[in-house]
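Visitor: Handing you a structure now.
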Amino acid sequence: MKFEVLTIFPEIIECYIKHGVLGKALNKGIVEVKVYNLRDFTSDKHKKVDDYPYGGGAGMVMQIEPFYNAIMHLKADEKPRKLVLLSPQGRKFTQKLAQKFMEESKAMVLICGRYEGIDERVKAFVDEEVSIGDYVLSGGELAALVIIDSVVRLIPGALGDELSAVEDSFMKGFLDYPHYTRPEDFKGMKVPEVLLSGDHKKIALWRKRQALKNTLKNRPDLLKNLSPEDMRILKELC
Ligand SMILES: COc1cc(COC(=O)c2cn[nH]c2)cc(-c2cccnc2)c1
């Protein structure tokens with residue numbers, strides 16, 4: 001899978017992708033990330049990318065020309081790609097959408113805005129407008145990294161044998177169970193006995209109960225389409 005990122009701060013993306021799971025996936029050749037500086041697609045000596053908003057108002061708006069020039073440059077190879085604009089106004093990004101992007105897109109262009117936003121006419125060249133949450137960031141770069149990270153984790157082989165995205169809690173429709181590791185007793189805070197029992201059936205049941213308990217407490221909105229067994233456990237918790 002290939003990600004092409006349009007941004008005025010390429011170093012934000014380049015720094016992050018060298019580390020962890022993404023770094024390994026890049027080294028394995030499972031994913032490719034190319035970052036383009038929008039200032040390289042300007043036509044003035046000051047490499048201007050923003051201007052005052054028509055109609056007045058606070059702040060600056062990013063101009064269409066650098067985005068247009070960059071998108072036309074990418075499209076010159078005539079390869080299919082999904083163009084995604086990161087914005088607070090976009091449709092909500094979820095694990096389900098990450099799965100859809102991984103399954104359907106061989107290449108994605110992630111378009112990062114800053115300032116008060118970008119010229120609305122850029123959207124004529126975009127396939128999707130996506131938000132990672134109900135808050136305003138200083139720029140789309142963090143949102144682009146969230147999308148790259150969550151989609152790459154789903155690519156078969158990206159996580160290696162030790163991890164599996166399929167096991168990720170959101171893939172199962174609820175929050176994760178608690179995790180513990182050594183020491184068994186930290187200043188009197190002990191690891192739950194069941195996890196030391198070696199009884200894998202009991203451990204699995206305990207983990208399911210804990211996951212449902214956490215989900216009921218923090219994200220009841222996720223509790224739908226439960227299996228009869230999960231519903232039974234949930235009823236015990238209520
Ligand atoms: C493309 O237009 C944008 C993009 C961004 C950066 O992205 C996010 O904030 C984001 C992406 N997913 N969830 C949030 C921010 C603004 C913006 C800034 C100030 C006031 N109002 C809007 C505009």
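Lettering and numbering for the structure tokens are positional, with chains as A, B, ... in the shown order, residues counted from 1 in each chain, and ligands counted from 1 in the shown order.
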Once you count only C-alpha atoms and all ligand atoms, which residues end up within 9 Å of ligand 1, and could you hand them over as a ChimeraX atom specification?

Guide: /A:59,61-62,85-93,111-120,129-144

Visitor: Could you please take those selected residues and save C-alpha atoms as a compact mmCIF listing (two decimals), in the first residue's frame?

Guide:
# COMPACT_ATOMS: atom_id res chain seq x y z
CA GLY A 59 -6.98 33.78 10.27
CA VAL A 61 -6.96 30.21 4.32
CA MET A 62 -4.75 27.83 2.33
CA LEU A 85 -8.85 15.49 2.91
CA LEU A 86 -8.36 15.55 6.71
CA SER A 87 -10.72 18.02 8.29
CA PRO A 88 -12.95 18.57 11.34
CA GLN A 89 -15.86 18.66 8.89
CA GLY A 90 -15.22 15.17 7.55
CA ARG A 91 -17.02 11.92 8.17
CA LYS A 92 -15.86 10.17 11.34
CA PHE A 93 -12.86 7.87 10.96
CA ILE A 111 -4.24 16.06 2.15
CA CYS A 112 -3.26 18.07 5.21
CA GLY A 113 -4.69 21.53 5.76
CA ARG A 114 -3.59 24.13 8.31
CA TYR A 115 -4.52 27.67 9.35
CA GLU A 116 -8.31 28.20 9.37
CA GLY A 117 -8.73 25.69 6.62
CA ILE A 118 -8.32 25.35 2.88
CA ASP A 119 -10.05 26.87 -0.13
CA GLU A 120 -13.35 24.99 -0.56
CA GLU A 129 -13.28 14.29 3.68
CA VAL A 130 -12.42 12.49 6.93
CA SER A 131 -12.27 13.60 10.57
CA ILE A 132 -10.45 11.64 13.27
CA GLY A 133 -12.59 13.24 15.98
CA ASP A 134 -14.72 16.13 17.20
CA TYR A 135 -11.91 18.58 17.83
CA VAL A 136 -9.83 21.06 15.86
CA LEU A 137 -6.14 20.33 15.34
CA SER A 138 -3.51 22.83 14.20
CA GLY A 139 -3.06 20.78 11.07
CA GLY A 140 -4.15 17.64 9.29
CA GLU A 141 -0.75 15.96 9.72
CA LEU A 142 -1.62 14.27 13.03
CA ALA A 143 -4.87 13.02 11.50
CA ALA A 144 -2.95 11.70 8.48

Visitor: Within 10 Å of Pro178 (chain A), counting only C-alpha atoms, which residues qualify if same-chain residues fewer than 4 places away don't, as a PDB file with N, CA and C atoms, in the first residue's frame?

Guide:
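What landed in selection12.pdb:
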ATOM      1  N   TRP A 206     -12.701 -14.228  32.088  1.00  0.00           N
ATOM      2  CA  TRP A 206     -12.413 -13.037  32.899  1.00  0.00           C
ATOM      3  C   TRP A 206     -12.140 -11.837  31.985  1.00  0.00           C
ATOM      4  N   ARG A 207     -11.351 -12.075  30.943  1.00  0.00           N
ATOM      5  CA  ARG A 207     -11.011 -10.986  30.024  1.00  0.00           C
ATOM      6  C   ARG A 207     -12.258 -10.468  29.298  1.00  0.00           C
ATOM      7  N   GLN A 210     -14.254  -8.359  31.719  1.00  0.00           N
ATOM      8  CA  GLN A 210     -13.587  -7.070  31.950  1.00  0.00           C
ATOM      9  C   GLN A 210     -13.766  -6.147  30.743  1.00  0.00           C
ATOM     10  N   ALA A 211     -13.663  -6.727  29.554  1.00  0.00           N
ATOM     11  CA  ALA A 211     -13.814  -5.914  28.334  1.00  0.00           C
ATOM     12  C   ALA A 211     -15.235  -5.362  28.246  1.00  0.00           C
ATOM     13  N   ASN A 214     -15.652  -2.653  30.901  1.00  0.00           N
ATOM     14  CA  ASN A 214     -15.014  -1.383  30.474  1.00  0.00           C
ATOM     15  C   ASN A 214     -15.852  -0.679  29.406  1.00  0.00           C
TER      16      ASN A 214
END

Visitor: Pick out the residues sitting within 6 Å of region 33-46 of chain A, and hand them over as a ChimeraX atom specification; count only C-alpha atoms, and ignore anything fewer than 5 positions along from it in its own chain.

Guide: /A:2-8,10,66,69-70

Visitor: Might you pull out every residue within 12 Å of Pro220 (chain A), with only C-alpha atoms counted and same-chain residues fewer than 5 positions away left off, and present them as a compact mmCIF listing (two decimals) with N, CA and C atoms, in the first residue's frame?

Guide:
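Output below, filename result-v8.txt:
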# COMPACT_ATOMS: atom_id res chain seq x y z
N GLY A 173 -15.47 -5.18 18.36
CA GLY A 173 -16.66 -4.39 18.63
C GLY A 173 -16.77 -3.87 20.04
N PHE A 174 -15.74 -4.11 20.90
CA PHE A 174 -15.78 -3.44 22.21
C PHE A 174 -14.37 -3.13 22.69
N LEU A 175 -14.28 -2.51 23.85
CA LEU A 175 -12.98 -2.04 24.36
C LEU A 175 -12.13 -3.22 24.82
N ALA A 211 -13.66 -6.73 29.55
CA ALA A 211 -13.81 -5.91 28.33
C ALA A 211 -15.23 -5.36 28.25
N LEU A 212 -16.21 -6.21 28.55
CA LEU A 212 -17.61 -5.76 28.49
C LEU A 212 -17.88 -4.73 29.59
N LYS A 213 -17.25 -4.94 30.75
CA LYS A 213 -17.43 -4.00 31.87
C LYS A 213 -16.85 -2.63 31.49
N ASN A 214 -15.65 -2.65 30.90
CA ASN A 214 -15.01 -1.38 30.47
C ASN A 214 -15.85 -0.68 29.41
N THR A 215 -16.39 -1.50 28.48
CA THR A 215 -17.17 -0.93 27.38
C THR A 215 -18.48 -0.34 27.90
N LEU A 226 -24.37 -7.89 20.01
CA LEU A 226 -23.63 -8.82 20.88
C LEU A 226 -24.12 -10.24 20.66
N LEU A 234 -23.08 -9.61 29.91
CA LEU A 234 -23.39 -8.20 30.15
C LEU A 234 -24.53 -8.05 31.15

Visitor: Report, in Å to a single decimal, how far apart CA of Leu237 (chain A) and CA of Leu216 (chain A) are.

Guide: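 Computing it gives 8.9 Å between the two atoms.
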
Visitor: Set the distance at 9 Å and use only C-alpha atoms: which residues neighbour Val151 (chain A) once local chain neighbours fewer than 6 positions away are removed? I'd like the list as a ChimeraX atom specification.

Guide: /A:95,97-102

Visitor: As a PDB file with N, CA and C atoms, in the first residue's frame, please: every residue in region 67-174 of chain A that DSSP puts in helix (DSSP H, G or I).

Guide:
ATOM      1  N   PHE A  67      -2.312  22.949  -3.865  1.00  0.00           N
ATOM      2  CA  PHE A  67      -2.997  21.645  -3.788  1.00  0.00           C
ATOM      3  C   PHE A  67      -3.279  21.133  -5.206  1.00  0.00           C
ATOM      4  N   TYR A  68      -3.796  22.012  -6.050  1.00  0.00           N
ATOM      5  CA  TYR A  68      -4.138  21.612  -7.426  1.00  0.00           C
ATOM      6  C   TYR A  68      -2.888  21.125  -8.165  1.00  0.00           C
ATOM      7  N   ASN A  69      -1.818  21.903  -8.073  1.00  0.00           N
ATOM      8  CA  ASN A  69      -0.565  21.533  -8.766  1.00  0.00           C
ATOM      9  C   ASN A  69      -0.021  20.197  -8.242  1.00  0.00           C
ATOM     10  N   ALA A  70      -0.100  19.997  -6.940  1.00  0.00           N
ATOM     11  CA  ALA A  70       0.420  18.741  -6.345  1.00  0.00           C
ATOM     12  C   ALA A  70      -0.436  17.554  -6.777  1.00  0.00           C
ATOM     13  N   ILE A  71      -1.756  17.727  -6.753  1.00  0.00           N
ATOM     14  CA  ILE A  71      -2.659  16.632  -7.128  1.00  0.00           C
ATOM     15  C   ILE A  71      -2.481  16.292  -8.606  1.00  0.00           C
ATOM     16  N   MET A  72      -2.353  17.291  -9.458  1.00  0.00           N
ATOM     17  CA  MET A  72      -2.142  17.032 -10.899  1.00  0.00           C
ATOM     18  C   MET A  72      -0.798  16.327 -11.118  1.00  0.00           C
ATOM     19  N   HIS A  73       0.197  16.708 -10.332  1.00  0.00           N
ATOM     20  CA  HIS A  73       1.516  16.054 -10.427  1.00  0.00           C
ATOM     21  C   HIS A  73       1.390  14.563 -10.093  1.00  0.00           C
ATOM     22  N   LEU A  74       0.647  14.253  -9.029  1.00  0.00           N
ATOM     23  CA  LEU A  74       0.483  12.851  -8.615  1.00  0.00           C
ATOM     24  C   LEU A  74      -0.317  12.084  -9.664  1.00  0.00           C
ATOM     25  N   LYS A  75      -1.362  12.726 -10.195  1.00  0.00           N
ATOM     26  CA  LYS A  75      -2.270  12.036 -11.136  1.00  0.00           C
ATOM     27  C   LYS A  75      -1.608  11.792 -12.495  1.00  0.00           C
ATOM     28  N   GLN A  95     -12.520   2.295  13.048  1.00  0.00           N
ATOM     29  CA  GLN A  95     -11.781   1.075  12.694  1.00  0.00           C
ATOM     30  C   GLN A  95     -12.379   0.454  11.437  1.00  0.00           C
ATOM     31  N   LYS A  96     -13.687   0.576  11.323  1.00  0.00           N
ATOM     32  CA  LYS A  96     -14.395   0.018  10.154  1.00  0.00           C
ATOM     33  C   LYS A  96     -13.937   0.738   8.870  1.00  0.00           C
ATOM     34  N   LEU A  97     -13.766   2.058   8.955  1.00  0.00           N
ATOM     35  CA  LEU A  97     -13.323   2.815   7.783  1.00  0.00           C
ATOM     36  C   LEU A  97     -11.857   2.506   7.475  1.00  0.00           C
ATOM     37  N   ALA A  98     -11.070   2.275   8.536  1.00  0.00           N
ATOM     38  CA  ALA A  98      -9.666   1.871   8.334  1.00  0.00           C
ATOM     39  C   ALA A  98      -9.614   0.552   7.562  1.00  0.00           C
ATOM     40  N   GLN A  99     -10.483  -0.380   7.954  1.00  0.00           N
ATOM     41  CA  GLN A  99     -10.541  -1.686   7.273  1.00  0.00           C
ATOM     42  C   GLN A  99     -10.920  -1.497   5.813  1.00  0.00           C
ATOM     43  N   LYS A 100     -11.918  -0.637   5.578  1.00  0.00           N
ATOM     44  CA  LYS A 100     -12.394  -0.361   4.213  1.00  0.00           C
ATOM     45  C   LYS A 100     -11.274   0.241   3.362  1.00  0.00           C
ATOM     46  N   PHE A 101     -10.541   1.201   3.916  1.00  0.00           N
ATOM     47  CA  PHE A 101      -9.427   1.814   3.179  1.00  0.00           C
ATOM     48  C   PHE A 101      -8.370   0.757   2.844  1.00  0.00           C
ATOM     49  N   MET A 102      -8.070  -0.111   3.820  1.00  0.00           N
ATOM     50  CA  MET A 102      -7.038  -1.135   3.597  1.00  0.00           C
ATOM     51  C   MET A 102      -7.479  -2.086   2.488  1.00  0.00           C
ATOM     52  N   GLU A 103      -8.755  -2.459   2.501  1.00  0.00           N
ATOM     53  CA  GLU A 103      -9.246  -3.446   1.529  1.00  0.00           C
ATOM     54  C   GLU A 103      -9.419  -2.849   0.131  1.00  0.00           C
ATOM     55  N   GLU A 104      -9.819  -1.577   0.077  1.00  0.00           N
ATOM     56  CA  GLU A 104     -10.221  -1.018  -1.226  1.00  0.00           C
ATOM     57  C   GLU A 104      -9.169  -0.152  -1.906  1.00  0.00           C
ATOM     58  N   GLU A 120     -12.298  26.009  -0.384  1.00  0.00           N
ATOM     59  CA  GLU A 120     -13.352  24.992  -0.561  1.00  0.00           C
ATOM     60  C   GLU A 120     -13.230  24.294  -1.915  1.00  0.00           C
ATOM     61  N   ARG A 121     -12.666  24.973  -2.891  1.00  0.00           N
ATOM     62  CA  ARG A 121     -12.600  24.425  -4.263  1.00  0.00           C
ATOM     63  C   ARG A 121     -11.648  23.233  -4.354  1.00  0.00           C
ATOM     64  N   VAL A 122     -10.810  23.065  -3.331  1.00  0.00           N
ATOM     65  CA  VAL A 122      -9.926  21.884  -3.330  1.00  0.00           C
ATOM     66  C   VAL A 122     -10.763  20.609  -3.289  1.00  0.00           C
ATOM     67  N   LYS A 123     -11.931  20.714  -2.639  1.00  0.00           N
ATOM     68  CA  LYS A 123     -12.768  19.517  -2.444  1.00  0.00           C
ATOM     69  C   LYS A 123     -13.275  18.935  -3.783  1.00  0.00           C
ATOM     70  N   ALA A 124     -13.201  19.739  -4.847  1.00  0.00           N
ATOM     71  CA  ALA A 124     -13.624  19.229  -6.163  1.00  0.00           C
ATOM     72  C   ALA A 124     -12.660  18.146  -6.660  1.00  0.00           C
ATOM     73  N   PHE A 125     -11.471  18.085  -6.040  1.00  0.00           N
ATOM     74  CA  PHE A 125     -10.457  17.117  -6.499  1.00  0.00           C
ATOM     75  C   PHE A 125     -10.243  15.999  -5.485  1.00  0.00           C
ATOM     76  N   GLU A 141      -1.842  16.949   9.686  1.00  0.00           N
ATOM     77  CA  GLU A 141      -0.748  15.959   9.720  1.00  0.00           C
ATOM     78  C   GLU A 141      -0.964  14.869  10.781  1.00  0.00           C
ATOM     79  N   LEU A 142      -1.393  15.290  11.981  1.00  0.00           N
ATOM     80  CA  LEU A 142      -1.617  14.268  13.027  1.00  0.00           C
ATOM     81  C   LEU A 142      -2.733  13.311  12.597  1.00  0.00           C
ATOM     82  N   ALA A 143      -3.770  13.866  11.973  1.00  0.00           N
ATOM     83  CA  ALA A 143      -4.872  13.015  11.500  1.00  0.00           C
ATOM     84  C   ALA A 143      -4.369  12.057  10.413  1.00  0.00           C
ATOM     85  N   ALA A 144      -3.501  12.550   9.543  1.00  0.00           N
ATOM     86  CA  ALA A 144      -2.949  11.696   8.476  1.00  0.00           C
ATOM     87  C   ALA A 144      -2.161  10.544   9.090  1.00  0.00           C
ATOM     88  N   LEU A 145      -1.397  10.838  10.150  1.00  0.00           N
ATOM     89  CA  LEU A 145      -0.602   9.791  10.804  1.00  0.00           C
ATOM     90  C   LEU A 145      -1.509   8.762  11.488  1.00  0.00           C
ATOM     91  N   VAL A 146      -2.606   9.234  12.061  1.00  0.00           N
ATOM     92  CA  VAL A 146      -3.568   8.305  12.688  1.00  0.00           C
ATOM     93  C   VAL A 146      -4.105   7.342  11.631  1.00  0.00           C
ATOM     94  N   ILE A 147      -4.442   7.880  10.473  1.00  0.00           N
ATOM     95  CA  ILE A 147      -4.992   7.026   9.416  1.00  0.00           C
ATOM     96  C   ILE A 147      -3.929   6.057   8.896  1.00  0.00           C
ATOM     97  N   ILE A 148      -2.729   6.557   8.644  1.00  0.00           N
ATOM     98  CA  ILE A 148      -1.664   5.678   8.135  1.00  0.00           C
ATOM     99  C   ILE A 148      -1.406   4.546   9.135  1.00  0.00           C
ATOM    100  N   ASP A 149      -1.250   4.914  10.425  1.00  0.00           N
ATOM    101  CA  ASP A 149      -0.922   3.913  11.449  1.00  0.00           C
ATOM    102  C   ASP A 149      -2.015   2.855  11.546  1.00  0.00           C
ATOM    103  N   SER A 150      -3.268   3.299  11.631  1.00  0.00           N
ATOM    104  CA  SER A 150      -4.371   2.338  11.855  1.00  0.00           C
ATOM    105  C   SER A 150      -4.611   1.469  10.616  1.00  0.00           C
ATOM    106  N   VAL A 151      -4.399   2.017   9.419  1.00  0.00           N
ATOM    107  CA  VAL A 151      -4.586   1.213   8.203  1.00  0.00           C
ATOM    108  C   VAL A 151      -3.424   0.227   8.040  1.00  0.00           C
ATOM    109  N   VAL A 152      -2.206   0.672   8.275  1.00  0.00           N
ATOM    110  CA  VAL A 152      -1.039  -0.221   8.099  1.00  0.00           C
ATOM    111  C   VAL A 152      -1.127  -1.418   9.043  1.00  0.00           C
ATOM    112  N   ALA A 165      -3.700  -7.607  14.336  1.00  0.00           N
ATOM    113  CA  ALA A 165      -4.713  -6.534  14.355  1.00  0.00           C
ATOM    114  C   ALA A 165      -6.100  -7.135  14.555  1.00  0.00           C
ATOM    115  N   VAL A 166      -6.223  -8.409  14.132  1.00  0.00           N
ATOM    116  CA  VAL A 166      -7.567  -9.029  14.255  1.00  0.00           C
ATOM    117  C   VAL A 166      -7.971  -9.091  15.716  1.00  0.00           C
ATOM    118  N   GLU A 167      -6.942  -9.258  16.604  1.00  0.00           N
ATOM    119  CA  GLU A 167      -7.219  -9.340  18.037  1.00  0.00           C
ATOM    120  C   GLU A 167      -7.529  -7.959  18.625  1.00  0.00           C
ATOM    121  N   SER A 169      -9.115  -4.847  20.016  1.00  0.00           N
ATOM    122  CA  SER A 169     -10.455  -4.858  20.614  1.00  0.00           C
ATOM    123  C   SER A 169     -11.501  -4.264  19.666  1.00  0.00           C
ATOM    124  N   PHE A 170     -11.136  -3.171  19.000  1.00  0.00           N
ATOM    125  CA  PHE A 170     -12.150  -2.514  18.162  1.00  0.00           C
ATOM    126  C   PHE A 170     -12.581  -3.416  17.011  1.00  0.00           C
ATOM    127  N   MET A 171     -11.718  -4.380  16.665  1.00  0.00           N
ATOM    128  CA  MET A 171     -12.116  -5.305  15.598  1.00  0.00           C
ATOM    129  C   MET A 171     -13.235  -6.205  16.108  1.00  0.00           C
ATOM    130  N   LYS A 172     -13.293  -6.382  17.437  1.00  0.00           N
ATOM    131  CA  LYS A 172     -14.313  -7.289  17.991  1.00  0.00           C
ATOM    132  C   LYS A 172     -15.554  -6.523  18.422  1.00  0.00           C
TER     133      LYS A 172
END

Visitor: Would you mind listing, for every residue of region 109-199 of chain A within 9 Å of region 25-29 of chain A, the two atoms forming the shortest contact and the distance between them in Å to one decimal, using only C-alpha atoms, sorted by chain and ascending residue number, as a Markdown table?

Guide:
| residue | atom | partner | partner_atom | distance |
| --- | --- | --- | --- | --- |
| A:Val152 | CA | A:Ala25 | CA | 7.7 |
| A:Arg153 | CA | A:Ala25 | CA | 8.9 |
| A:Gly157 | CA | A:Ala25 | CA | 8.3 |
| A:Ala158 | CA | A:Ala25 | CA | 5.3 |
| A:Leu159 | CA | A:Ala25 | CA | 7.7 |

Visitor: Keeping only N, CA and C atoms, write those residues as a short mmCIF file (atom, residue, chain, number, x, y, z; two decimals), in the first residue's frame.

Guide:
data_model
loop_
_atom_site.label_atom_id
_atom_site.label_comp_id
_atom_site.auth_asym_id
_atom_site.auth_seq_id
_atom_site.Cartn_x
_atom_site.Cartn_y
_atom_site.Cartn_z
N VAL A 152 -2.21 0.67 8.28
CA VAL A 152 -1.04 -0.22 8.10
C VAL A 152 -1.13 -1.42 9.04
N ARG A 153 -1.62 -1.19 10.27
CA ARG A 153 -1.74 -2.30 11.22
C ARG A 153 -2.62 -3.42 10.69
N GLY A 157 0.63 -9.21 7.67
CA GLY A 157 2.10 -9.28 7.72
C GLY A 157 2.75 -8.04 8.28
N ALA A 158 1.96 -6.96 8.39
CA ALA A 158 2.56 -5.69 8.86
C ALA A 158 3.00 -5.79 10.31
N LEU A 159 2.19 -6.51 11.12
CA LEU A 159 2.48 -6.55 12.56
C LEU A 159 3.42 -7.69 12.92
#

Visitor: With distances taken over only C-alpha atoms, which residue among A:Leu195, A:Ala107, A:Tyr177, A:Ile155 lies nearest Glu78 (chain A)?

Guide: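 Looking only at the distances to Glu78 (chain A), the closest residue turns out to be A:Ala107.
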
Visitor: Out of A:Val194, A:Met108, A:Val31, A:Met231, which residue has the shortest atom-to-atom distance to Arg81 (chain A) when counting only C-alpha atoms?

Guide: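 Distance minimum relative to Arg81 (chain A) lands on A:Met108.
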
Visitor: Between CA of Ile12 (chain A) and CA of Thr94 (chain A), measure the distance and give it in Å to one decimal.

Guide: 22.7 Å

Visitor: Please report, as a ChimeraX atom specification, each residue of region 4-45 of chain A to which DSSP assigns strand (DSSP E) when run on this structure's backbone.

Guide: /A:4-7,32-37

Visitor: Go ahead and save the picked residues with N, CA and C atoms, as a PDB file, in the first residue's frame.

Guide:
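Heads up, here's the output in again.pdb:
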ATOM      1  N   GLU A   4       0.571   8.849  -0.071  1.00  0.00           N
ATOM      2  CA  GLU A   4       1.220  10.096  -0.506  1.00  0.00           C
ATOM      3  C   GLU A   4       0.608  11.214   0.334  1.00  0.00           C
ATOM      4  N   VAL A   5       1.443  11.967   1.022  1.00  0.00           N
ATOM      5  CA  VAL A   5       0.952  12.984   1.954  1.00  0.00           C
ATOM      6  C   VAL A   5       1.306  14.378   1.440  1.00  0.00           C
ATOM      7  N   LEU A   6       0.306  15.246   1.338  1.00  0.00           N
ATOM      8  CA  LEU A   6       0.525  16.641   0.935  1.00  0.00           C
ATOM      9  C   LEU A   6       0.468  17.506   2.192  1.00  0.00           C
ATOM     10  N   THR A   7       1.536  18.231   2.470  1.00  0.00           N
ATOM     11  CA  THR A   7       1.648  18.993   3.718  1.00  0.00           C
ATOM     12  C   THR A   7       2.661  20.118   3.557  1.00  0.00           C
ATOM     13  N   GLU A  32       4.547   1.968   1.527  1.00  0.00           N
ATOM     14  CA  GLU A  32       5.423   3.053   1.048  1.00  0.00           C
ATOM     15  C   GLU A  32       4.758   4.379   1.407  1.00  0.00           C
ATOM     16  N   VAL A  33       5.532   5.299   1.930  1.00  0.00           N
ATOM     17  CA  VAL A  33       5.002   6.626   2.269  1.00  0.00           C
ATOM     18  C   VAL A  33       5.855   7.674   1.571  1.00  0.00           C
ATOM     19  N   LYS A  34       5.213   8.458   0.715  1.00  0.00           N
ATOM     20  CA  LYS A  34       5.930   9.566   0.060  1.00  0.00           C
ATOM     21  C   LYS A  34       5.302  10.877   0.530  1.00  0.00           C
ATOM     22  N   VAL A  35       6.140  11.777   0.960  1.00  0.00           N
ATOM     23  CA  VAL A  35       5.647  13.048   1.501  1.00  0.00           C
ATOM     24  C   VAL A  35       6.015  14.175   0.540  1.00  0.00           C
ATOM     25  N   TYR A  36       5.040  15.027   0.254  1.00  0.00           N
ATOM     26  CA  TYR A  36       5.256  16.147  -0.682  1.00  0.00           C
ATOM     27  C   TYR A  36       5.018  17.464   0.050  1.00  0.00           C
ATOM     28  N   ASN A  37       5.983  18.367  -0.102  1.00  0.00           N
ATOM     29  CA  ASN A  37       5.845  19.695   0.507  1.00  0.00           C
ATOM     30  C   ASN A  37       5.059  20.585  -0.447  1.00  0.00           C
TER      31      ASN A  37
END

Visitor: What is the CA of Asp127 (chain A) to CA of Val109 (chain A) distance in Å?

Guide: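 Separating CA of Asp127 (chain A) from CA of Val109 (chain A) is a distance of 9.7 Å.
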